[in-house]
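This report concerns only the one structure given below.
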Amino acid sequence: MPQVATREKSVETVDGRTERLLRLQDVADRLSVSRSMAWKLVSLGQLRSLRIGRSVRVRPQDLDAYVATVSRTRRARHLGTRPRP
């Protein structure tokens with residue numbers, strides 16, 4: 001019988017990682033925004049996501065990359081420079 005990941009227990013993936021994919025509610029909670037705002041970020045392509053059937057999931061590293069991009073952009077605006085890619 002296959003293992004099932006729960007909030008308390010992650011299952012090792014094919015590539016050896018143990019991180020679980022995030023639901024949009026998880027993303028919203030981590031960004032302190034509404035679930036509809038998290039959905040908007042995904043639908044606009046600002047936040048990478050995966051579709052599994054009808055479900056939308058976000059890899060933790062994609063959320064980290066989005067946060068880093070936003071931080072770089074804000075810092076660059078504050079300093080009056082262009083952000084690095």
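The chains in the structure tokens are called A, B, ... from first to last as shown; in each chain the residues are counted from 1, and the ligands are counted from 1 in the order shown.
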
Neighbour list for Arg35 of chain A as JSON, numbers by chain, cut-off 9 Å, only C-alpha atoms, skip fewer than 6 positions in-chain: {"A": [24, 25, 26, 27, 28, 29]}

By how many Å are atom CA of Arg59 of chain A and atom CA of Leu22 of chain A apart? 6.2 Å

Can you tell me which residues surround Asp62 of chain A at a distance of at most 10 Å, considering only C-alpha atoms, apart from same-chain residues fewer than 6 positions away, and format the answer as a ChimeraX atom specification? /A:47-49,68

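Between atom CA of Leu44 of chain A and atom CA of Val56 of chain A lies a distance of 13.8 Å.
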
Surrounding residues of Pro60 of chain A excluding itself and chain neighbours under 3 positions, 8 Å, only C-alpha atoms, as a PyMOL selection string: chain A and resi 19-22+63-64
